[in-house]
Structure formats: structure tokens, C-alpha cells
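J.: Provided herewith: entry-v9.cif, mmCIF, C-alpha atoms.
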data_query
#
loop_
_atom_site.label_atom_id
_atom_site.label_comp_id
_atom_site.auth_asym_id
_atom_site.auth_seq_id
_atom_site.Cartn_x
_atom_site.Cartn_y
_atom_site.Cartn_z
CA MET A 1204 0.00 0.00 0.00
CA SER A 1205 1.33 3.44 -0.95
CA ASN A 1206 2.46 5.50 2.04
CA LEU A 1207 1.47 8.85 0.50
CA ASN A 1208 -1.70 7.83 -1.32
CA GLY A 1209 -4.08 10.77 -1.76
CA LYS A 1210 -1.66 13.38 -0.38
CA ILE A 1211 -0.75 16.63 -2.16
CA ALA A 1212 2.97 17.43 -2.06
CA VAL A 1213 4.90 20.57 -3.01
CA ILE A 1214 8.67 20.42 -3.60
CA THR A 1215 10.80 23.51 -4.17
CA GLY A 1216 13.90 23.09 -6.30
CA GLY A 1217 12.21 20.05 -7.78
CA ASN A 1218 13.75 20.10 -11.24
CA SER A 1219 17.07 18.42 -10.40
CA GLY A 1220 19.08 16.49 -7.83
CA ILE A 1221 17.45 15.67 -4.51
CA GLY A 1222 14.24 17.55 -5.38
CA TYR A 1223 13.80 15.63 -8.64
CA SER A 1224 14.44 12.26 -7.00
CA THR A 1225 12.07 13.08 -4.16
CA ALA A 1226 9.34 14.13 -6.59
CA LYS A 1227 9.72 10.80 -8.33
CA LYS A 1228 9.59 8.91 -5.01
CA PHE A 1229 6.57 10.84 -3.73
CA LYS A 1230 4.68 10.12 -6.94
CA GLU A 1231 5.60 6.43 -6.80
CA ASP A 1232 4.24 6.39 -3.24
CA GLY A 1233 0.88 7.73 -4.38
CA ALA A 1234 1.13 11.51 -3.88
CA THR A 1235 0.02 14.22 -6.28
CA VAL A 1236 3.22 16.23 -6.76
CA ILE A 1237 3.90 19.88 -7.64
CA ILE A 1238 7.50 20.92 -8.27
CA ILE A 1239 8.69 24.52 -8.13
CA GLY A 1240 11.86 25.94 -9.69
CA ARG A 1241 13.18 29.26 -10.91
CA SER A 1242 13.99 28.17 -14.49
CA THR A 1243 10.86 27.80 -16.60
CA GLU A 1244 12.68 25.66 -19.15
CA LYS A 1245 14.16 23.29 -16.57
CA ILE A 1246 10.99 23.01 -14.49
CA ASN A 1247 8.91 22.24 -17.59
CA ILE A 1248 11.33 19.55 -18.74
CA ALA A 1249 11.42 17.95 -15.29
CA ALA A 1250 7.64 18.12 -14.87
CA THR A 1251 7.13 16.43 -18.22
CA GLU A 1252 9.67 13.69 -17.41
CA LEU A 1253 8.13 13.05 -14.01
CA GLY A 1254 4.51 13.45 -15.00
CA VAL A 1255 3.88 16.09 -12.31
CA LYS A 1256 2.80 19.72 -12.17
CA GLY A 1257 5.54 22.32 -12.63
CA ILE A 1258 5.43 25.93 -11.43
CA THR A 1259 8.07 28.59 -12.02
CA ALA A 1260 9.05 30.66 -8.97
CA ASP A 1261 12.27 31.99 -7.46
CA VAL A 1262 12.05 31.47 -3.69
CA SER A 1263 14.25 34.51 -3.08
CA ASP A 1264 11.38 36.62 -4.48
CA LEU A 1265 8.53 36.72 -1.95
CA SER A 1266 6.00 37.93 -4.52
CA ALA A 1267 6.88 34.92 -6.69
CA ILE A 1268 6.16 32.61 -3.75
CA ASP A 1269 2.78 34.33 -3.30
CA ILE A 1270 1.92 33.66 -6.94
CA ALA A 1271 2.98 30.01 -6.62
CA VAL A 1272 0.90 29.54 -3.46
CA ASN A 1273 -2.17 31.04 -5.15
CA GLN A 1274 -1.68 28.78 -8.17
CA VAL A 1275 -1.36 25.68 -6.01
CA LYS A 1276 -4.46 26.62 -4.00
CA SER A 1277 -6.45 27.34 -7.16
CA GLU A 1278 -5.55 24.06 -8.87
CA PHE A 1279 -5.13 21.65 -5.96
CA GLY A 1280 -6.62 23.20 -2.82
CA ASN A 1281 -4.74 22.58 0.42
CA ILE A 1282 -1.53 20.53 0.61
CA ASP A 1283 -0.30 17.78 2.92
CA ILE A 1284 3.47 17.80 2.35
CA LEU A 1285 5.92 20.67 1.84
CA PHE A 1286 9.52 19.76 1.01
CA VAL A 1287 11.61 22.95 1.28
CA ASN A 1288 14.47 21.75 -0.86
CA ALA A 1289 15.60 24.74 -2.96
CA GLY A 1290 19.12 25.86 -2.11
CA ILE A 1291 22.42 27.06 -3.51
CA PHE A 1292 26.06 26.47 -2.64
CA ILE A 1293 28.67 29.21 -3.02
CA PRO A 1294 32.12 28.33 -1.63
CA MET A 1295 33.81 31.32 0.00
CA PRO A 1296 36.81 31.30 2.37
CA VAL A 1297 36.76 33.44 5.49
CA GLY A 1298 38.43 36.73 4.67
CA GLN A 1299 37.23 36.55 1.07
CA ASN A 1300 33.47 36.44 1.56
CA SER A 1301 31.73 38.71 -0.93
CA GLU A 1302 28.62 40.71 -0.15
CA GLY A 1303 26.94 39.35 -3.26
CA GLY A 1304 27.67 35.74 -2.33
CA PHE A 1305 26.52 36.34 1.25
CA ASP A 1306 23.27 37.96 0.11
CA ASN A 1307 22.52 35.18 -2.39
CA LEU A 1308 23.09 32.43 0.16
CA ILE A 1309 20.89 34.13 2.74
CA ALA A 1310 18.20 34.99 0.16
CA VAL A 1311 17.75 31.41 -1.06
CA ASN A 1312 18.89 29.12 1.74
CA PHE A 1313 17.39 30.91 4.71
CA LYS A 1314 15.05 33.74 3.75
CA GLY A 1315 13.64 31.77 0.82
CA ALA A 1316 13.16 28.65 2.94
CA VAL A 1317 11.52 30.50 5.82
CA PHE A 1318 9.11 32.43 3.65
CA THR A 1319 8.25 29.38 1.58
CA ILE A 1320 6.97 27.88 4.82
CA GLU A 1321 5.37 31.11 6.06
CA LYS A 1322 3.45 31.67 2.84
CA PHE A 1323 2.35 28.05 2.34
CA LEU A 1324 1.17 27.65 5.95
CA PRO A 1325 -2.36 28.98 5.30
CA ILE A 1326 -2.96 26.19 2.75
CA ILE A 1327 -1.19 23.40 4.66
CA ASN A 1328 -3.67 20.99 6.21
CA ASP A 1329 -3.54 20.31 9.93
CA GLY A 1330 -1.61 17.09 10.55
CA SER A 1331 0.68 17.69 7.57
CA SER A 1332 4.45 17.34 7.21
CA ILE A 1333 7.09 19.96 6.39
CA ILE A 1334 10.62 18.82 5.58
CA ASN A 1335 13.53 21.25 5.34
CA LEU A 1336 16.63 20.31 3.38
CA SER A 1337 19.58 21.46 5.46
CA SER A 1338 23.16 20.13 5.48
CA ILE A 1339 25.76 18.63 7.78
CA ASN A 1340 27.74 21.78 6.95
CA ALA A 1341 25.69 23.39 9.70
CA TYR A 1342 28.07 21.55 12.06
CA THR A 1343 31.22 20.35 10.30
CA GLY A 1344 33.31 23.53 10.05
CA MET A 1345 34.34 22.47 6.54
CA PRO A 1346 36.62 25.05 4.87
CA ASN A 1347 34.96 27.52 2.47
CA THR A 1348 31.48 26.90 3.90
CA ALA A 1349 31.27 29.43 6.75
CA VAL A 1350 28.35 31.39 5.30
CA TYR A 1351 26.71 28.41 3.58
CA GLY A 1352 26.88 26.43 6.82
CA ALA A 1353 25.52 29.39 8.77
CA THR A 1354 22.43 29.51 6.54
CA LYS A 1355 21.80 25.84 7.23
CA ALA A 1356 22.37 26.22 10.98
CA ALA A 1357 19.85 29.07 10.96
CA LEU A 1358 17.35 26.89 9.11
CA ASN A 1359 17.77 24.11 11.65
CA SER A 1360 17.19 26.55 14.49
CA TYR A 1361 14.03 27.82 12.79
CA THR A 1362 12.88 24.20 12.34
CA ARG A 1363 13.16 23.44 16.05
CA THR A 1364 11.16 26.48 17.12
CA ALA A 1365 8.60 26.03 14.35
CA ALA A 1366 8.01 22.46 15.56
CA THR A 1367 6.89 23.81 18.91
CA GLU A 1368 4.69 26.52 17.45
CA LEU A 1369 3.07 24.33 14.80
CA ALA A 1370 2.36 21.44 17.18
CA PRO A 1371 -1.15 22.70 18.06
CA ARG A 1372 -2.04 22.17 14.39
CA LYS A 1373 -0.38 18.74 14.46
CA ILE A 1374 1.94 19.92 11.67
CA ARG A 1375 5.26 18.12 11.89
CA ILE A 1376 8.43 19.87 10.71
CA ASN A 1377 11.82 18.20 10.49
CA ALA A 1378 15.21 18.78 8.86
CA LEU A 1379 17.33 16.55 6.67
CA ASN A 1380 21.11 17.08 6.85
CA PRO A 1381 22.70 15.41 3.82
CA GLY A 1382 26.41 14.85 3.58
CA PRO A 1383 28.12 14.93 0.18
CA ILE A 1384 25.52 13.88 -2.39
CA ALA A 1385 26.07 13.34 -6.11
CA THR A 1386 23.98 16.26 -7.42
CA PRO A 1387 24.56 19.15 -9.87
CA ILE A 1388 24.85 21.72 -7.03
CA PHE A 1389 28.68 21.81 -7.10
CA SER A 1390 28.85 22.26 -10.88
CA LYS A 1391 26.90 25.52 -10.47
CA THR A 1392 29.59 27.14 -8.32
CA GLY A 1393 31.77 28.31 -11.22
CA MET A 1394 34.66 26.03 -10.19
CA SER A 1395 36.74 24.48 -12.98
CA GLU A 1396 36.44 20.78 -13.81
CA GLU A 1397 39.88 20.21 -12.29
CA GLN A 1398 38.84 21.94 -9.06
CA LEU A 1399 35.58 19.99 -8.94
CA ASN A 1400 37.39 16.67 -9.45
CA GLY A 1401 39.89 17.53 -6.73
CA LEU A 1402 37.13 18.53 -4.32
CA SER A 1403 35.23 15.36 -5.17
CA GLU A 1404 38.12 13.05 -4.35
CA LEU A 1405 39.02 14.98 -1.21
CA MET A 1406 35.49 14.74 0.12
CA LYS A 1407 34.99 11.12 -0.88
CA ASN A 1408 38.12 10.02 0.99
CA ARG A 1409 36.82 11.67 4.16
CA ILE A 1410 33.45 9.91 4.15
CA PRO A 1411 33.58 6.76 6.32
CA LEU A 1412 31.52 4.81 3.76
CA LYS A 1413 33.93 6.04 1.03
CA ARG A 1414 31.32 7.17 -1.45
CA TYR A 1415 28.97 10.02 -2.21
CA GLY A 1416 25.34 9.58 -1.31
CA LYS A 1417 22.68 9.28 -3.97
CA PRO A 1418 19.75 11.69 -4.30
CA GLU A 1419 17.47 8.66 -4.11
CA GLU A 1420 18.77 7.91 -0.61
CA ILE A 1421 17.72 11.36 0.60
CA ALA A 1422 14.37 10.90 -1.15
CA GLU A 1423 13.74 7.71 0.83
CA MET A 1424 14.19 9.56 4.13
CA ALA A 1425 12.05 12.47 2.92
CA ALA A 1426 9.28 10.04 1.96
CA PHE A 1427 9.40 8.47 5.41
CA LEU A 1428 9.17 11.84 7.18
CA ALA A 1429 6.32 12.85 4.87
CA SER A 1430 4.34 9.73 5.68
CA ASP A 1431 2.12 8.86 8.61
CA LYS A 1432 4.79 6.35 9.68
CA ALA A 1433 6.66 9.36 11.12
CA SER A 1434 3.59 10.65 12.96
CA PHE A 1435 5.43 11.08 16.30
CA ILE A 1436 8.50 12.83 14.85
CA THR A 1437 8.83 16.62 14.82
CA GLY A 1438 11.59 19.13 15.48
CA SER A 1439 14.21 16.51 14.62
CA GLU A 1440 17.26 16.46 12.37
CA TYR A 1441 18.50 13.46 10.43
CA ASN A 1442 22.07 13.19 9.16
CA VAL A 1443 22.17 11.21 5.92
CA ASP A 1444 25.89 11.46 5.34
CA GLY A 1445 27.67 8.10 5.26
CA GLY A 1446 28.92 8.72 8.80
CA THR A 1447 30.75 11.96 8.03
CA ASN A 1448 29.32 14.04 10.86
CA VAL A 1449 30.21 11.51 13.57
CA ASN A 1450 33.82 11.37 12.37
CA PRO A 1451 34.91 15.02 12.45
CA LEU A 1452 38.61 14.15 12.52
CA LEU A 1453 38.24 12.92 8.95
CA LEU A 1454 37.40 16.47 7.90
CA GLY A 1455 40.75 17.87 8.95
#
Can you present the structure in this file as C-alpha cells?

T.:
Amino acid sequence: MSNLNGKIAVITGGNSGIGYSTAKKFKEDGATVIIIGRSTEKINIAATELGVKGITADVSDLSAIDIAVNQVKSEFGNIDILFVNAGIFIPMPVGQNSEGGFDNLIAVNFKGAVFTIEKFLPIINDGSSIINLSSINAYTGMPNTAVYGATKAALNSYTRTAATELAPRKIRINALNPGPIATPIFSKTGMSEEQLNGLSELMKNRIPLKRYGKPEEIAEMAAFLASDKASFITGSEYNVDGGTNVNPLLLG
């Protein structure tokens, strides 16, 4: 029996990587899925491939979120699952952080995530599930991730408090902290292929399980948290990282 049968799910950043895999998993588990992304071309291609609804919206633009919420409400009514997955990664070393990079990370990873939740809340059914995609970089102290990690730490803090405040509505909210996952996010940083390959090998060697995670493995955990099987779980964080976060010496 499908775990998400009859549920309506919204996924931001659903056109690639973890969002795409989770949309596929949610649909397989019986949910009606809406994916949101900022590139009309990419979101339309992904929606067609997945057989789901696609909506264009940049989560850093609050008015765009409003339009997306109104469209979802008009076409689907209230929703049961919100996967706040949209995010960006910009590597910047301390002492060389740029204002533009800082603003972009905050705008998408924290402000965008928070206001995605805030603006969807009026159409989220009581007893629903919200899942925030965070990162183990909230804790690892990995070089070049000071601001990126700070946005994820802020999101985790918001998640914990939101769990308390949303409990009267029986809305559960949890965070997923992936470790290194094989997704396109690193290729969007502007790093050269040589730099990307070097970073890839460096990170892989420091993961206890000696491999990158797969987007499908994050999707499995997201599907569990979205389902009624996780009905007594809220305000929690789950590290899906091959053991990286419990072996900090490997990060040195």
C-alpha cells in the first residue's frame, strides 16, 4: 500500500538532484506532486519527465512565492506535504566572503526557505508534514562553507522552534542534513572541472563509507518523514551522510 496515497505534495527546487528524485519517489508512493523551480525551461522539462505539475518561482522573491501559493491553491486546494528543498552552494573562504555571495546564500537558503513555509502555511492541512533540506555543513566547520553552513544552521534553528509553534495544528516539521551527495549543485559554483574533481576526491576520501550519497537515498528519508509512519517525529534532524558528521577528525 502506498504510504502517501491521496496526499498533495509541493517540492521547491524540484527540477534536479534531490528535489527531482524526491518528486519521483513521492509520486511512486501515491502523492500528487507539484514541483517549483526558478527556471521555466528546466521546471517544464522535469515536470514532463516526471509526470507532475511544474510551477516557475524563485524562492528569493517573496512575490513569486505568493503567486505560486495562489496557483497551487487554485488548482489543488490545500496541501499535505511541503519539502523545502531549494538551495544554492557558493564556496567562499573566510576573509574573502563577498557581499553578493553572502546575500545570495541568505536569500535562497534561509530567507527563501523561511518564507516558503510562512506563505504556504495557510494552505497546509492540519496534521501535515514539512521537511527542510539542510546540510551537515551546519556543524562540520568544513573550509569555504562558513556562510553556507551558517544559513543551514539558521534553518535548523528555525525548524526546532517552528516544531513547537506548529504542534497545536499537528503539523510536523523536520530537517534533513545530507552529507556529500552526487547532485549538480557543485557544478553551479563556477569552479573548474579540475577543481571539482579535486574537491570530489578529497570529500569522498573523508566519508567513512567512502562514497557520495545518492539523491534517491535522501528521497527515501524524505518520503518516510512525509508519511504517517513518522507521525510522532517533529523538530528533529536526520544526518544522511555516510557517517561523516560523527567522524569530524576525517574532515581535517

J.: Rank nothing, just name the residue among A:Ser1219, A:Phe1323, A:Thr1225, A:Val1297 nearest to A:Ile1270, using all atoms listed in the file.

T.: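 So, comparing all the options, the nearest one is A:Phe1323.
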
J.: Output the residue selection produced by the PyMOL selection byres ((chain A and resi 1375) around 8) on the file above, formatted as a PyMOL selection string.

T.: chain A and resi 1330-1333+1366+1369-1370+1373-1374+1376-1377+1434+1436-1438

J.: Point out the residue among A:Asn1335, A:Thr1354, A:Asn1328, A:Thr1215 with the least atom-to-atom distance to A:Lys1314, counting only C-alpha atoms.

T.: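 Comparing A:Asn1335, A:Thr1354, A:Asn1328, A:Thr1215 against A:Lys1314, the winner is A:Thr1354.
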
J.: Where does the PyMOL selection byres ((chain A and resi 1246-1251) around 10) land in this file, that is, which residues does it pick, as a PDB file with C-alpha atoms, in the frame of the given file?

T.:
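To be explicit, this is the file written out as part-v6.pdb:
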ATOM      1  CA  GLY A1216      13.900  23.090  -6.300  1.00  0.00           C
ATOM      2  CA  GLY A1217      12.210  20.050  -7.780  1.00  0.00           C
ATOM      3  CA  ASN A1218      13.750  20.100 -11.240  1.00  0.00           C
ATOM      4  CA  SER A1219      17.070  18.420 -10.400  1.00  0.00           C
ATOM      5  CA  TYR A1223      13.800  15.630  -8.640  1.00  0.00           C
ATOM      6  CA  ALA A1226       9.340  14.130  -6.590  1.00  0.00           C
ATOM      7  CA  VAL A1236       3.220  16.230  -6.760  1.00  0.00           C
ATOM      8  CA  ILE A1237       3.900  19.880  -7.640  1.00  0.00           C
ATOM      9  CA  ILE A1238       7.500  20.920  -8.270  1.00  0.00           C
ATOM     10  CA  ILE A1239       8.690  24.520  -8.130  1.00  0.00           C
ATOM     11  CA  GLY A1240      11.860  25.940  -9.690  1.00  0.00           C
ATOM     12  CA  ARG A1241      13.180  29.260 -10.910  1.00  0.00           C
ATOM     13  CA  SER A1242      13.990  28.170 -14.490  1.00  0.00           C
ATOM     14  CA  THR A1243      10.860  27.800 -16.600  1.00  0.00           C
ATOM     15  CA  GLU A1244      12.680  25.660 -19.150  1.00  0.00           C
ATOM     16  CA  LYS A1245      14.160  23.290 -16.570  1.00  0.00           C
ATOM     17  CA  GLU A1252       9.670  13.690 -17.410  1.00  0.00           C
ATOM     18  CA  LEU A1253       8.130  13.050 -14.010  1.00  0.00           C
ATOM     19  CA  GLY A1254       4.510  13.450 -15.000  1.00  0.00           C
ATOM     20  CA  VAL A1255       3.880  16.090 -12.310  1.00  0.00           C
ATOM     21  CA  LYS A1256       2.800  19.720 -12.170  1.00  0.00           C
ATOM     22  CA  GLY A1257       5.540  22.320 -12.630  1.00  0.00           C
ATOM     23  CA  ILE A1258       5.430  25.930 -11.430  1.00  0.00           C
ATOM     24  CA  THR A1259       8.070  28.590 -12.020  1.00  0.00           C
ATOM     25  CA  ALA A1260       9.050  30.660  -8.970  1.00  0.00           C
TER      26      ALA A1260
END

J.: If the PyMOL selection byres ((chain A and resi 1440) around 12) is run on the structure shown, which residues does it catch, given as a PDB file with C-alpha atoms, keeping the file's coordinate frame?

T.:
ATOM      1  CA  ILE A1334      10.620  18.820   5.580  1.00  0.00           C
ATOM      2  CA  ASN A1335      13.530  21.250   5.340  1.00  0.00           C
ATOM      3  CA  LEU A1336      16.630  20.310   3.380  1.00  0.00           C
ATOM      4  CA  SER A1337      19.580  21.460   5.460  1.00  0.00           C
ATOM      5  CA  SER A1338      23.160  20.130   5.480  1.00  0.00           C
ATOM      6  CA  ILE A1339      25.760  18.630   7.780  1.00  0.00           C
ATOM      7  CA  ALA A1341      25.690  23.390   9.700  1.00  0.00           C
ATOM      8  CA  TYR A1342      28.070  21.550  12.060  1.00  0.00           C
ATOM      9  CA  LYS A1355      21.800  25.840   7.230  1.00  0.00           C
ATOM     10  CA  ALA A1356      22.370  26.220  10.980  1.00  0.00           C
ATOM     11  CA  LEU A1358      17.350  26.890   9.110  1.00  0.00           C
ATOM     12  CA  ASN A1359      17.770  24.110  11.650  1.00  0.00           C
ATOM     13  CA  SER A1360      17.190  26.550  14.490  1.00  0.00           C
ATOM     14  CA  TYR A1361      14.030  27.820  12.790  1.00  0.00           C
ATOM     15  CA  THR A1362      12.880  24.200  12.340  1.00  0.00           C
ATOM     16  CA  ARG A1363      13.160  23.440  16.050  1.00  0.00           C
ATOM     17  CA  ALA A1366       8.010  22.460  15.560  1.00  0.00           C
ATOM     18  CA  ILE A1376       8.430  19.870  10.710  1.00  0.00           C
ATOM     19  CA  ASN A1377      11.820  18.200  10.490  1.00  0.00           C
ATOM     20  CA  ALA A1378      15.210  18.780   8.860  1.00  0.00           C
ATOM     21  CA  LEU A1379      17.330  16.550   6.670  1.00  0.00           C
ATOM     22  CA  ASN A1380      21.110  17.080   6.850  1.00  0.00           C
ATOM     23  CA  PRO A1381      22.700  15.410   3.820  1.00  0.00           C
ATOM     24  CA  MET A1424      14.190   9.560   4.130  1.00  0.00           C
ATOM     25  CA  ALA A1425      12.050  12.470   2.920  1.00  0.00           C
ATOM     26  CA  LEU A1428       9.170  11.840   7.180  1.00  0.00           C
ATOM     27  CA  ILE A1436       8.500  12.830  14.850  1.00  0.00           C
ATOM     28  CA  THR A1437       8.830  16.620  14.820  1.00  0.00           C
ATOM     29  CA  GLY A1438      11.590  19.130  15.480  1.00  0.00           C
ATOM     30  CA  SER A1439      14.210  16.510  14.620  1.00  0.00           C
ATOM     31  CA  TYR A1441      18.500  13.460  10.430  1.00  0.00           C
ATOM     32  CA  ASN A1442      22.070  13.190   9.160  1.00  0.00           C
ATOM     33  CA  VAL A1443      22.170  11.210   5.920  1.00  0.00           C
TER      34      VAL A1443
END

J.: If I take atom CA of A:Ile1211 and atom CA of A:Asp1283, how far is one from the other in Å, to one decimal?

T.: 5.2 Å

J.: Considering only C-alpha atoms, can you say which of A:Ile1421, A:Val1287, A:Pro1383, A:Gly1222 comes closest to A:Val1311?

T.: A:Val1287

J.: Using all atoms listed in the file for the distances, tell me which of A:Val1262, A:Ile1221, A:Ile1284, A:Ile1384 is nearest to A:Ala1429.

T.: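 Under the stated criterion, the closest residue is A:Ile1284.
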
J.: Find the distance between atom CA of A:Phe1427 and atom CA of A:Asp1261 and write it in Å to one decimal.

T.: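 A separation of 27.0 Å between them.
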
J.: Of the candidates A:Asp1269, A:Glu1423, A:Glu1231, A:Asp1431, which one gets nearest to A:Ile1320 if we count all atoms listed in the file?

T.: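 So, comparing all the options, the nearest one is A:Asp1269.
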
J.: Between A:Arg1372, A:Ile1214, A:Ala1316, A:Gln1299, which has the minimum distance to A:Thr1348 (counting all atoms listed in the file)?

T.: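 The closest residue to A:Thr1348 is A:Gln1299.
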
J.: Please write as a PyMOL selection string the list of polymer residues whose atoms come within 10 Å of (26.9, 28.6, -1.7), counting only C-alpha atoms and keeping to the coordinates of the file.

T.: chain A and resi 1290-1295+1304-1305+1307-1309+1311-1312+1347-1352+1354+1388-1389+1391-1392
